[in-house]
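Engineer: To be precise about what I am sending: the file is called protein-v2.pdb and holds PDB, C-alpha atoms and all ligand atoms.
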MODEL        1
ATOM      1  CA  MET B   4     -22.601 -35.754  67.328  1.00  0.00           C
ATOM      2  CA  CYS B   5     -23.133 -32.136  66.306  1.00  0.00           C
ATOM      3  CA  HIS B   6     -25.348 -33.341  63.525  1.00  0.00           C
ATOM      4  CA  ALA B   7     -27.591 -35.328  65.890  1.00  0.00           C
ATOM      5  CA  PHE B   8     -27.748 -32.464  68.329  1.00  0.00           C
ATOM      6  CA  LEU B   9     -28.787 -29.938  65.702  1.00  0.00           C
ATOM      7  CA  SER B  10     -31.582 -32.235  64.485  1.00  0.00           C
ATOM      8  CA  ASP B  11     -32.930 -32.886  67.969  1.00  0.00           C
ATOM      9  CA  ALA B  12     -36.271 -31.120  68.436  1.00  0.00           C
ATOM     10  CA  ARG B  13     -35.987 -31.430  72.240  1.00  0.00           C
ATOM     11  CA  CYS B  14     -33.029 -29.047  72.310  1.00  0.00           C
ATOM     12  CA  TYR B  15     -35.061 -26.451  70.441  1.00  0.00           C
ATOM     13  CA  ASP B  16     -37.996 -26.969  72.795  1.00  0.00           C
ATOM     14  CA  LEU B  17     -35.751 -26.320  75.776  1.00  0.00           C
ATOM     15  CA  LEU B  18     -34.365 -23.124  74.221  1.00  0.00           C
ATOM     16  CA  PHE B  19     -37.889 -21.973  73.445  1.00  0.00           C
ATOM     17  CA  ARG B  20     -38.957 -22.547  77.050  1.00  0.00           C
ATOM     18  CA  ILE B  21     -36.002 -20.508  78.289  1.00  0.00           C
ATOM     19  CA  ASP B  22     -36.975 -17.662  75.931  1.00  0.00           C
ATOM     20  CA  GLN B  23     -40.530 -17.939  77.143  1.00  0.00           C
ATOM     21  CA  SER B  24     -39.558 -17.558  80.793  1.00  0.00           C
ATOM     22  CA  ILE B  25     -37.262 -14.580  80.044  1.00  0.00           C
ATOM     23  CA  ALA B  26     -40.158 -12.994  78.133  1.00  0.00           C
ATOM     24  CA  GLU B  27     -42.687 -13.679  80.904  1.00  0.00           C
ATOM     25  CA  GLU B  28     -40.430 -11.929  83.360  1.00  0.00           C
ATOM     26  CA  ALA B  29     -40.067  -8.898  81.055  1.00  0.00           C
ATOM     27  CA  GLN B  30     -43.810  -8.749  80.512  1.00  0.00           C
ATOM     28  CA  ALA B  31     -44.513  -8.958  84.242  1.00  0.00           C
ATOM     29  CA  LYS B  32     -42.263  -5.929  84.815  1.00  0.00           C
ATOM     30  CA  GLY B  33     -44.261  -3.915  82.303  1.00  0.00           C
ATOM     31  CA  CYS B  34     -43.218  -0.832  80.363  1.00  0.00           C
ATOM     32  CA  HIS B  35     -40.981   1.910  81.812  1.00  0.00           C
ATOM     33  CA  CYS B  36     -43.995   4.251  81.599  1.00  0.00           C
ATOM     34  CA  GLY B  37     -46.016   1.910  83.804  1.00  0.00           C
ATOM     35  CA  GLY B  38     -48.107   0.619  80.903  1.00  0.00           C
ATOM     36  CA  VAL B  39     -49.025  -2.981  80.244  1.00  0.00           C
ATOM     37  CA  LEU B  40     -47.012  -4.887  77.637  1.00  0.00           C
ATOM     38  CA  HIS B  41     -48.925  -6.655  74.894  1.00  0.00           C
ATOM     39  CA  SER B  42     -47.479  -9.391  72.740  1.00  0.00           C
ATOM     40  CA  ALA B  43     -46.137  -8.113  69.392  1.00  0.00           C
ATOM     41  CA  ARG B  44     -43.905 -10.853  68.029  1.00  0.00           C
ATOM     42  CA  TYR B  45     -41.461 -10.429  65.180  1.00  0.00           C
ATOM     43  CA  PRO B  46     -41.767 -12.919  62.323  1.00  0.00           C
ATOM     44  CA  ARG B  47     -38.671 -15.080  61.842  1.00  0.00           C
ATOM     45  CA  LYS B  48     -37.592 -17.700  59.306  1.00  0.00           C
ATOM     46  CA  PRO B  49     -34.555 -19.415  60.781  1.00  0.00           C
ATOM     47  CA  ARG B  50     -32.385 -21.156  58.218  1.00  0.00           C
ATOM     48  CA  GLY B  51     -30.463 -24.407  58.239  1.00  0.00           C
ATOM     49  CA  VAL B  52     -32.485 -26.641  60.558  1.00  0.00           C
ATOM     50  CA  ARG B  53     -36.059 -25.916  59.581  1.00  0.00           C
ATOM     51  CA  ARG B  54     -37.200 -29.532  59.761  1.00  0.00           C
ATOM     52  CA  ALA B  55     -36.310 -29.751  63.446  1.00  0.00           C
ATOM     53  CA  LEU B  56     -38.257 -26.594  64.319  1.00  0.00           C
ATOM     54  CA  ASN B  57     -41.918 -26.135  65.144  1.00  0.00           C
ATOM     55  CA  ALA B  58     -44.128 -23.052  64.864  1.00  0.00           C
ATOM     56  CA  THR B  59     -42.646 -21.483  68.016  1.00  0.00           C
ATOM     57  CA  TYR B  60     -39.573 -20.702  65.873  1.00  0.00           C
ATOM     58  CA  GLU B  61     -41.552 -18.619  63.378  1.00  0.00           C
ATOM     59  CA  THR B  62     -41.563 -15.667  65.750  1.00  0.00           C
ATOM     60  CA  ARG B  63     -39.293 -13.898  68.194  1.00  0.00           C
ATOM     61  CA  LEU B  64     -41.051 -13.000  71.421  1.00  0.00           C
ATOM     62  CA  SER B  65     -41.501  -9.246  71.732  1.00  0.00           C
ATOM     63  CA  PHE B  66     -43.894  -6.774  73.329  1.00  0.00           C
ATOM     64  CA  CYS B  67     -45.384  -3.384  72.714  1.00  0.00           C
ATOM     65  CA  CYS B  68     -46.656  -0.980  75.362  1.00  0.00           C
ATOM     66  CA  ALA B  69     -50.454  -0.757  75.392  1.00  0.00           C
ATOM     67  CA  GLU B  70     -50.500   2.966  76.267  1.00  0.00           C
ATOM     68  CA  ASP B  71     -51.479   5.048  73.225  1.00  0.00           C
ATOM     69  CA  ASP B  72     -48.969   7.808  73.902  1.00  0.00           C
ATOM     70  CA  CYS B  73     -46.097   5.370  74.507  1.00  0.00           C
ATOM     71  CA  ARG B  74     -46.288   2.232  72.337  1.00  0.00           C
ATOM     72  CA  ARG B  75     -42.702   1.491  73.226  1.00  0.00           C
ATOM     73  CA  ARG B  76     -41.199  -1.785  72.033  1.00  0.00           C
ATOM     74  CA  CYS B  77     -39.711  -4.225  74.482  1.00  0.00           C
ATOM     75  CA  THR B  78     -37.801  -7.144  73.018  1.00  0.00           C
ATOM     76  CA  PRO B  79     -36.403  -9.370  75.766  1.00  0.00           C
ATOM     77  CA  PRO B  80     -33.053 -11.167  75.393  1.00  0.00           C
ATOM     78  CA  SER B  81     -33.256 -14.441  73.491  1.00  0.00           C
ATOM     79  CA  VAL B  82     -31.301 -17.689  73.670  1.00  0.00           C
ATOM     80  CA  ARG B  83     -32.614 -18.567  70.204  1.00  0.00           C
ATOM     81  CA  PHE B  84     -32.245 -15.557  67.945  1.00  0.00           C
ATOM     82  CA  LEU B  85     -28.924 -13.757  67.843  1.00  0.00           C
ATOM     83  CA  GLY B  86     -30.155 -10.304  66.874  1.00  0.00           C
ATOM     84  CA  ARG B  87     -31.330 -10.118  63.284  1.00  0.00           C
ATOM     85  CA  LYS B  88     -29.188 -12.990  62.047  1.00  0.00           C
ATOM     86  CA  VAL B  89     -31.118 -15.543  59.996  1.00  0.00           C
ATOM     87  CA  TYR B  90     -29.376 -18.505  61.606  1.00  0.00           C
ATOM     88  CA  LEU B  91     -30.170 -19.478  65.166  1.00  0.00           C
ATOM     89  CA  GLY B  92     -27.688 -18.565  67.897  1.00  0.00           C
ATOM     90  CA  VAL B  93     -27.069 -22.232  68.634  1.00  0.00           C
ATOM     91  CA  ILE B  94     -25.786 -22.782  65.086  1.00  0.00           C
ATOM     92  CA  ILE B  95     -23.631 -19.664  65.110  1.00  0.00           C
ATOM     93  CA  VAL B  96     -22.008 -20.586  68.427  1.00  0.00           C
ATOM     94  CA  LEU B  97     -21.506 -24.210  67.466  1.00  0.00           C
ATOM     95  CA  VAL B  98     -20.183 -23.699  63.950  1.00  0.00           C
ATOM     96  CA  THR B  99     -17.817 -20.866  64.845  1.00  0.00           C
ATOM     97  CA  ALA B 100     -16.649 -22.657  68.020  1.00  0.00           C
ATOM     98  CA  LEU B 101     -15.903 -25.846  66.147  1.00  0.00           C
ATOM     99  CA  HIS B 102     -13.918 -24.041  63.531  1.00  0.00           C
ATOM    100  CA  HIS B 103     -10.707 -25.132  65.225  1.00  0.00           C
ATOM    101  CA  GLY B 104     -11.928 -28.397  66.672  1.00  0.00           C
ATOM    102  CA  LEU B 105     -13.159 -30.279  63.612  1.00  0.00           C
ATOM    103  CA  THR B 106     -11.313 -31.791  60.704  1.00  0.00           C
ATOM    104  CA  PRO B 107     -11.784 -29.760  57.526  1.00  0.00           C
ATOM    105  CA  LYS B 108     -13.858 -32.603  56.073  1.00  0.00           C
ATOM    106  CA  ARG B 109     -16.305 -32.814  58.968  1.00  0.00           C
ATOM    107  CA  ARG B 110     -16.552 -29.074  59.236  1.00  0.00           C
ATOM    108  CA  GLY B 111     -17.290 -28.951  55.509  1.00  0.00           C
ATOM    109  CA  GLN B 112     -20.077 -31.496  55.926  1.00  0.00           C
ATOM    110  CA  LEU B 113     -21.685 -29.556  58.747  1.00  0.00           C
ATOM    111  CA  ILE B 114     -21.514 -26.287  56.837  1.00  0.00           C
ATOM    112  CA  GLU B 115     -22.985 -27.954  53.786  1.00  0.00           C
ATOM    113  CA  MET B 116     -25.792 -29.563  55.777  1.00  0.00           C
ATOM    114  CA  LEU B 117     -26.689 -26.181  57.240  1.00  0.00           C
ATOM    115  CA  GLU B 118     -26.295 -24.410  53.873  1.00  0.00           C
ATOM    116  CA  ILE B 119     -24.001 -21.760  55.292  1.00  0.00           C
ATOM    117  CA  ALA B 120     -22.244 -19.606  52.706  1.00  0.00           C
ATOM    118  CA  PRO B 121     -18.473 -19.078  53.246  1.00  0.00           C
ATOM    119  CA  GLN B 122     -18.949 -15.318  53.470  1.00  0.00           C
ATOM    120  CA  THR B 123     -21.608 -15.845  56.168  1.00  0.00           C
ATOM    121  CA  LEU B 124     -19.141 -17.874  58.195  1.00  0.00           C
ATOM    122  CA  ALA B 125     -16.484 -15.200  57.771  1.00  0.00           C
ATOM    123  CA  ARG B 126     -19.006 -12.577  58.919  1.00  0.00           C
ATOM    124  CA  TRP B 127     -19.816 -14.562  62.072  1.00  0.00           C
ATOM    125  CA  ARG B 128     -16.155 -14.858  62.959  1.00  0.00           C
ATOM    126  CA  ARG B 129     -15.768 -11.118  62.517  1.00  0.00           C
ATOM    127  CA  TRP B 130     -18.880 -10.605  64.631  1.00  0.00           C
ATOM    128  CA  TRP B 131     -17.257 -12.446  67.559  1.00  0.00           C
ATOM    129  CA  ARG B 132     -13.936 -10.662  67.197  1.00  0.00           C
ATOM    130  CA  GLU B 133     -15.278  -7.162  66.616  1.00  0.00           C
ATOM    131  CA  THR B 134     -18.918  -6.716  67.642  1.00  0.00           C
ATOM    132  CA  PHE B 135     -19.235  -9.168  70.505  1.00  0.00           C
ATOM    133  CA  VAL B 136     -15.967  -8.318  72.255  1.00  0.00           C
ATOM    134  CA  GLY B 137     -16.986  -4.642  72.189  1.00  0.00           C
ATOM    135  CA  SER B 138     -20.431  -5.320  73.688  1.00  0.00           C
ATOM    136  CA  ARG B 139     -21.542  -4.446  77.201  1.00  0.00           C
ATOM    137  CA  CYS B 140     -22.552  -8.069  77.553  1.00  0.00           C
ATOM    138  CA  TRP B 141     -18.983  -9.306  77.062  1.00  0.00           C
ATOM    139  CA  ARG B 142     -17.497  -6.600  79.269  1.00  0.00           C
ATOM    140  CA  ALA B 143     -19.806  -7.735  82.080  1.00  0.00           C
ATOM    141  CA  LEU B 144     -19.170 -11.398  81.391  1.00  0.00           C
ATOM    142  CA  ARG B 145     -15.417 -11.621  80.989  1.00  0.00           C
ATOM    143  CA  GLY B 146     -14.713 -10.640  84.618  1.00  0.00           C
ATOM    144  CA  ARG B 147     -16.439 -13.807  85.789  1.00  0.00           C
ATOM    145  CA  PHE B 148     -13.711 -16.020  84.380  1.00  0.00           C
ATOM    146  CA  VAL B 149     -10.439 -16.572  86.173  1.00  0.00           C
ATOM    147  CA  PRO B 150      -8.114 -17.059  84.364  1.00  0.00           C
ATOM    148  CA  PRO B 151      -9.703 -14.876  81.720  1.00  0.00           C
ATOM    149  CA  VAL B 152     -11.262 -16.223  78.530  1.00  0.00           C
ATOM    150  CA  ALA B 153      -9.157 -15.121  75.553  1.00  0.00           C
ATOM    151  CA  ALA B 154     -11.290 -12.825  73.398  1.00  0.00           C
ATOM    152  CA  ARG B 155      -9.586 -14.007  70.214  1.00  0.00           C
ATOM    153  CA  GLU B 156     -10.658 -17.576  71.015  1.00  0.00           C
ATOM    154  CA  LEU B 157     -14.355 -16.807  71.221  1.00  0.00           C
ATOM    155  CA  PRO B 158     -16.702 -18.559  71.204  1.00  0.00           C
ATOM    156  CA  SER B 159     -14.816 -21.860  71.622  1.00  0.00           C
ATOM    157  CA  ALA B 160     -12.998 -20.657  74.745  1.00  0.00           C
ATOM    158  CA  LEU B 161     -16.325 -19.703  76.312  1.00  0.00           C
ATOM    159  CA  LEU B 162     -17.917 -23.006  75.360  1.00  0.00           C
ATOM    160  CA  GLU B 163     -15.061 -24.872  77.031  1.00  0.00           C
ATOM    161  CA  ARG B 164     -15.318 -22.894  80.242  1.00  0.00           C
ATOM    162  CA  VAL B 165     -19.048 -22.883  81.001  1.00  0.00           C
ATOM    163  CA  ALA B 166     -20.601 -25.522  83.226  1.00  0.00           C
ATOM    164  CA  GLY B 167     -22.471 -28.439  81.731  1.00  0.00           C
ATOM    165  CA  GLU B 168     -22.130 -32.185  81.435  1.00  0.00           C
ATOM    166  CA  ASP B 169     -22.345 -32.427  77.684  1.00  0.00           C
ATOM    167  CA  LEU B 170     -22.268 -30.267  74.590  1.00  0.00           C
ATOM    168  CA  PRO B 171     -26.020 -29.428  74.571  1.00  0.00           C
ATOM    169  CA  GLU B 172     -25.829 -28.277  78.221  1.00  0.00           C
ATOM    170  CA  ARG B 173     -22.744 -26.163  77.614  1.00  0.00           C
ATOM    171  CA  LEU B 174     -24.236 -24.657  74.474  1.00  0.00           C
ATOM    172  CA  THR B 175     -27.380 -23.739  76.389  1.00  0.00           C
ATOM    173  CA  GLN B 176     -25.280 -22.121  79.137  1.00  0.00           C
ATOM    174  CA  CYS B 177     -23.354 -20.155  76.516  1.00  0.00           C
ATOM    175  CA  LEU B 178     -26.563 -18.937  74.892  1.00  0.00           C
ATOM    176  CA  ILE B 179     -27.930 -17.818  78.267  1.00  0.00           C
ATOM    177  CA  LEU B 180     -24.714 -15.907  79.012  1.00  0.00           C
ATOM    178  CA  ILE B 181     -24.633 -14.102  75.666  1.00  0.00           C
ATOM    179  CA  ALA B 182     -28.409 -13.466  75.536  1.00  0.00           C
ATOM    180  CA  PRO B 183     -28.063  -9.794  76.633  1.00  0.00           C
ATOM    181  CA  VAL B 184     -26.280  -9.082  73.350  1.00  0.00           C
ATOM    182  CA  THR B 185     -29.481  -9.977  71.469  1.00  0.00           C
ATOM    183  CA  THR B 186     -31.284  -6.849  72.623  1.00  0.00           C
ATOM    184  CA  ARG B 187     -30.588  -3.268  71.642  1.00  0.00           C
ATOM    185  CA  SER B 188     -29.249  -2.381  75.094  1.00  0.00           C
ATOM    186  CA  GLY B 189     -26.869  -5.386  75.109  1.00  0.00           C
TER     187      GLY B 189
HETATM  188 ZN    ZN S 201     -45.102   2.459  77.809  1.00  0.00          ZN
ENDMDL
END
What's the structure tokens form of this structure?

Structural biologist:
Amino acid sequence: MCHAFLSDARCYDLLFRIDQSIAEEAQAKGCHCGGVLHSARYPRKPRGVRRALNATYETRLSFCCAEDDCRRRCTPPSVRFLGRKVYLGVIIVLVTALHHGLTPKRRGQLIEMLEIAPQTLARWRRWWRETFVGSRCWRALRGRFVPPVAARELPSALLERVAGEDLPERLTQCLILIAPVTTRSG
């Protein structure tokens, strides 16, 4: 099931469209200085699922102020790219969330398919426990859940609690909720 989901180009299209609408909104607001924002995308080479991805995944949407004396960067939140990590957010959420839910054999197969190094996986788990729980994004988010989501059970506890009829819908919801953490201010 996870395998099929991660190979499904439609899921990636949906996530791209969400990123696009977040970016359009940011661009419409313009720069803090009042200047117009021009597209200045960051190149990206996401790992693990390259065959399922089209050219929209070769860049992260970003802008640069057109005013000569400003030139400020504006990188909107993303449901696709989790900061500078080389794996997509959807993989990081899914693989770390399923850490407890899969048999060791199936988990091993998924990790092998995605070519994730053990130390990378350990780093992601640390990222949830240390970086994410300390973020403004999580502090704003955790109050929305009653009873609270246990920080030590992230991201699986979050994935279980968000609305959605199936795993792809819940994953998408999760990625939308944690998107603020993908920008510098998050
Ligand atoms: Zn500006």

Engineer: Using all atoms listed in the file, which protein or nucleic acid residues come within 8 Å of Phe66 in chain B? Drop anything in the same chain fewer than 6 positions from it, and give the result as an MDAnalysis selection string.

Structural biologist: chainID B and resid 30 40:44 76:78

Engineer: Give the residue list for ligand ZN 201 (chain S) at 9 Å, counting all atoms listed in the file, as a ChimeraX atom specification, sorted by chain and then by residue number.

Structural biologist: /B:33-40,67-76

Engineer: B:Cys140, B:Leu64, B:Ala120, B:Val89: which is nearest Ile179 in chain B, counting only C-alpha atoms?

Structural biologist: B:Cys140

Engineer: Using only C-alpha atoms, find the one residue out of B:Ile94, B:Leu161, B:Leu9, B:Ala58 that sits nearest to Leu144 in chain B.

Structural biologist: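 Selected residue with least distance to Leu144 in chain B: B:Leu161.
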
Engineer: Taking (-22.4, -29.3, 73.6) in the file's coordinates, which residues come within 12 Å, counting only C-alpha atoms, written as an mmCIF file with C-alpha atoms, keeping the file's coordinate frame?

Structural biologist:
data_model
loop_
_atom_site.group_PDB
_atom_site.id
_atom_site.type_symbol
_atom_site.label_atom_id
_atom_site.label_comp_id
_atom_site.auth_asym_id
_atom_site.auth_seq_id
_atom_site.Cartn_x
_atom_site.Cartn_y
_atom_site.Cartn_z
ATOM 1 C CA MET B 4 -22.601 -35.754 67.328
ATOM 2 C CA CYS B 5 -23.133 -32.136 66.306
ATOM 3 C CA HIS B 6 -25.348 -33.341 63.525
ATOM 4 C CA ALA B 7 -27.591 -35.328 65.890
ATOM 5 C CA PHE B 8 -27.748 -32.464 68.329
ATOM 6 C CA LEU B 9 -28.787 -29.938 65.702
ATOM 7 C CA CYS B 14 -33.029 -29.047 72.310
ATOM 8 C CA VAL B 93 -27.069 -22.232 68.634
ATOM 9 C CA ILE B 94 -25.786 -22.782 65.086
ATOM 10 C CA VAL B 96 -22.008 -20.586 68.427
ATOM 11 C CA LEU B 97 -21.506 -24.210 67.466
ATOM 12 C CA VAL B 98 -20.183 -23.699 63.950
ATOM 13 C CA ALA B 100 -16.649 -22.657 68.020
ATOM 14 C CA LEU B 101 -15.903 -25.846 66.147
ATOM 15 C CA SER B 159 -14.816 -21.860 71.622
ATOM 16 C CA LEU B 161 -16.325 -19.703 76.312
ATOM 17 C CA LEU B 162 -17.917 -23.006 75.360
ATOM 18 C CA GLU B 163 -15.061 -24.872 77.031
ATOM 19 C CA ARG B 164 -15.318 -22.894 80.242
ATOM 20 C CA VAL B 165 -19.048 -22.883 81.001
ATOM 21 C CA ALA B 166 -20.601 -25.522 83.226
ATOM 22 C CA GLY B 167 -22.471 -28.439 81.731
ATOM 23 C CA GLU B 168 -22.130 -32.185 81.435
ATOM 24 C CA ASP B 169 -22.345 -32.427 77.684
ATOM 25 C CA LEU B 170 -22.268 -30.267 74.590
ATOM 26 C CA PRO B 171 -26.020 -29.428 74.571
ATOM 27 C CA GLU B 172 -25.829 -28.277 78.221
ATOM 28 C CA ARG B 173 -22.744 -26.163 77.614
ATOM 29 C CA LEU B 174 -24.236 -24.657 74.474
ATOM 30 C CA THR B 175 -27.380 -23.739 76.389
ATOM 31 C CA GLN B 176 -25.280 -22.121 79.137
ATOM 32 C CA CYS B 177 -23.354 -20.155 76.516
ATOM 33 C CA LEU B 178 -26.563 -18.937 74.892
#

Engineer: Residues within 9 Å of Glu118 in chain B, please, as a ChimeraX atom specification. Count all atoms listed in the file; anything in the same chain fewer than 4 positions from it doesn't count.

Structural biologist: /B:50-51,113-114

Engineer: Between CA of Arg63 in chain B and CA of Phe135 in chain B, what is the distance, to one decimal in Å?

Structural biologist: 20.7 Å

Engineer: Output as an mmCIF file, in the coordinates of the input: range 35-50 of chain B, completed with N, CA, C and O atoms.

Structural biologist:
data_model
loop_
_atom_site.group_PDB
_atom_site.id
_atom_site.type_symbol
_atom_site.label_atom_id
_atom_site.label_comp_id
_atom_site.auth_asym_id
_atom_site.auth_seq_id
_atom_site.Cartn_x
_atom_site.Cartn_y
_atom_site.Cartn_z
ATOM 1 N N HIS B 35 -41.579 0.874 80.962
ATOM 2 C CA HIS B 35 -40.981 1.910 81.812
ATOM 3 C C HIS B 35 -42.006 2.963 82.213
ATOM 4 O O HIS B 35 -41.912 3.554 83.278
ATOM 5 N N CYS B 36 -42.992 3.219 81.327
ATOM 6 C CA CYS B 36 -43.995 4.251 81.599
ATOM 7 C C CYS B 36 -45.063 3.752 82.569
ATOM 8 O O CYS B 36 -45.945 4.498 82.974
ATOM 9 N N GLY B 37 -45.009 2.479 82.924
ATOM 10 C CA GLY B 37 -46.016 1.910 83.804
ATOM 11 C C GLY B 37 -47.111 1.171 83.050
ATOM 12 O O GLY B 37 -47.973 0.537 83.650
ATOM 13 N N GLY B 38 -47.091 1.276 81.732
ATOM 14 C CA GLY B 38 -48.107 0.619 80.903
ATOM 15 C C GLY B 38 -47.943 -0.889 80.842
ATOM 16 O O GLY B 38 -46.893 -1.431 81.189
ATOM 17 N N VAL B 39 -49.013 -1.524 80.391
ATOM 18 C CA VAL B 39 -49.025 -2.981 80.244
ATOM 19 C C VAL B 39 -48.395 -3.348 78.898
ATOM 20 O O VAL B 39 -48.571 -2.637 77.908
ATOM 21 N N LEU B 40 -47.632 -4.448 78.893
ATOM 22 C CA LEU B 40 -47.012 -4.887 77.637
ATOM 23 C C LEU B 40 -47.879 -5.949 76.953
ATOM 24 O O LEU B 40 -48.254 -6.946 77.577
ATOM 25 N N HIS B 41 -48.182 -5.680 75.697
ATOM 26 C CA HIS B 41 -48.925 -6.655 74.894
ATOM 27 C C HIS B 41 -47.979 -7.373 73.947
ATOM 28 O O HIS B 41 -47.003 -6.783 73.483
ATOM 29 N N SER B 42 -48.319 -8.611 73.642
ATOM 30 C CA SER B 42 -47.479 -9.391 72.740
ATOM 31 C C SER B 42 -47.473 -8.780 71.333
ATOM 32 O O SER B 42 -48.514 -8.410 70.798
ATOM 33 N N ALA B 43 -46.285 -8.632 70.763
ATOM 34 C CA ALA B 43 -46.137 -8.113 69.392
ATOM 35 C C ALA B 43 -44.902 -8.794 68.809
ATOM 36 O O ALA B 43 -43.832 -8.213 68.728
ATOM 37 N N ARG B 44 -45.063 -10.043 68.439
ATOM 38 C CA ARG B 44 -43.905 -10.853 68.029
ATOM 39 C C ARG B 44 -43.388 -10.464 66.654
ATOM 40 O O ARG B 44 -44.152 -10.051 65.797
ATOM 41 N N TYR B 45 -42.081 -10.657 66.487
ATOM 42 C CA TYR B 45 -41.461 -10.429 65.180
ATOM 43 C C TYR B 45 -41.451 -11.732 64.394
ATOM 44 O O TYR B 45 -41.048 -12.762 64.938
ATOM 45 N N PRO B 46 -41.854 -11.687 63.131
ATOM 46 C CA PRO B 46 -41.767 -12.919 62.323
ATOM 47 C C PRO B 46 -40.313 -13.299 62.065
ATOM 48 O O PRO B 46 -39.459 -12.431 61.886
ATOM 49 N N ARG B 47 -40.027 -14.586 62.085
ATOM 50 C CA ARG B 47 -38.671 -15.080 61.842
ATOM 51 C C ARG B 47 -38.732 -16.324 60.956
ATOM 52 O O ARG B 47 -39.688 -17.091 61.021
ATOM 53 N N LYS B 48 -37.694 -16.487 60.136
ATOM 54 C CA LYS B 48 -37.592 -17.700 59.306
ATOM 55 C C LYS B 48 -36.200 -18.252 59.455
ATOM 56 O O LYS B 48 -35.344 -18.062 58.590
ATOM 57 N N PRO B 49 -35.920 -18.929 60.561
ATOM 58 C CA PRO B 49 -34.555 -19.415 60.781
ATOM 59 C C PRO B 49 -34.133 -20.415 59.709
ATOM 60 O O PRO B 49 -34.920 -21.252 59.287
ATOM 61 N N ARG B 50 -32.886 -20.290 59.287
ATOM 62 C CA ARG B 50 -32.385 -21.156 58.218
ATOM 63 C C ARG B 50 -31.565 -22.313 58.769
ATOM 64 O O ARG B 50 -31.085 -22.278 59.886
#
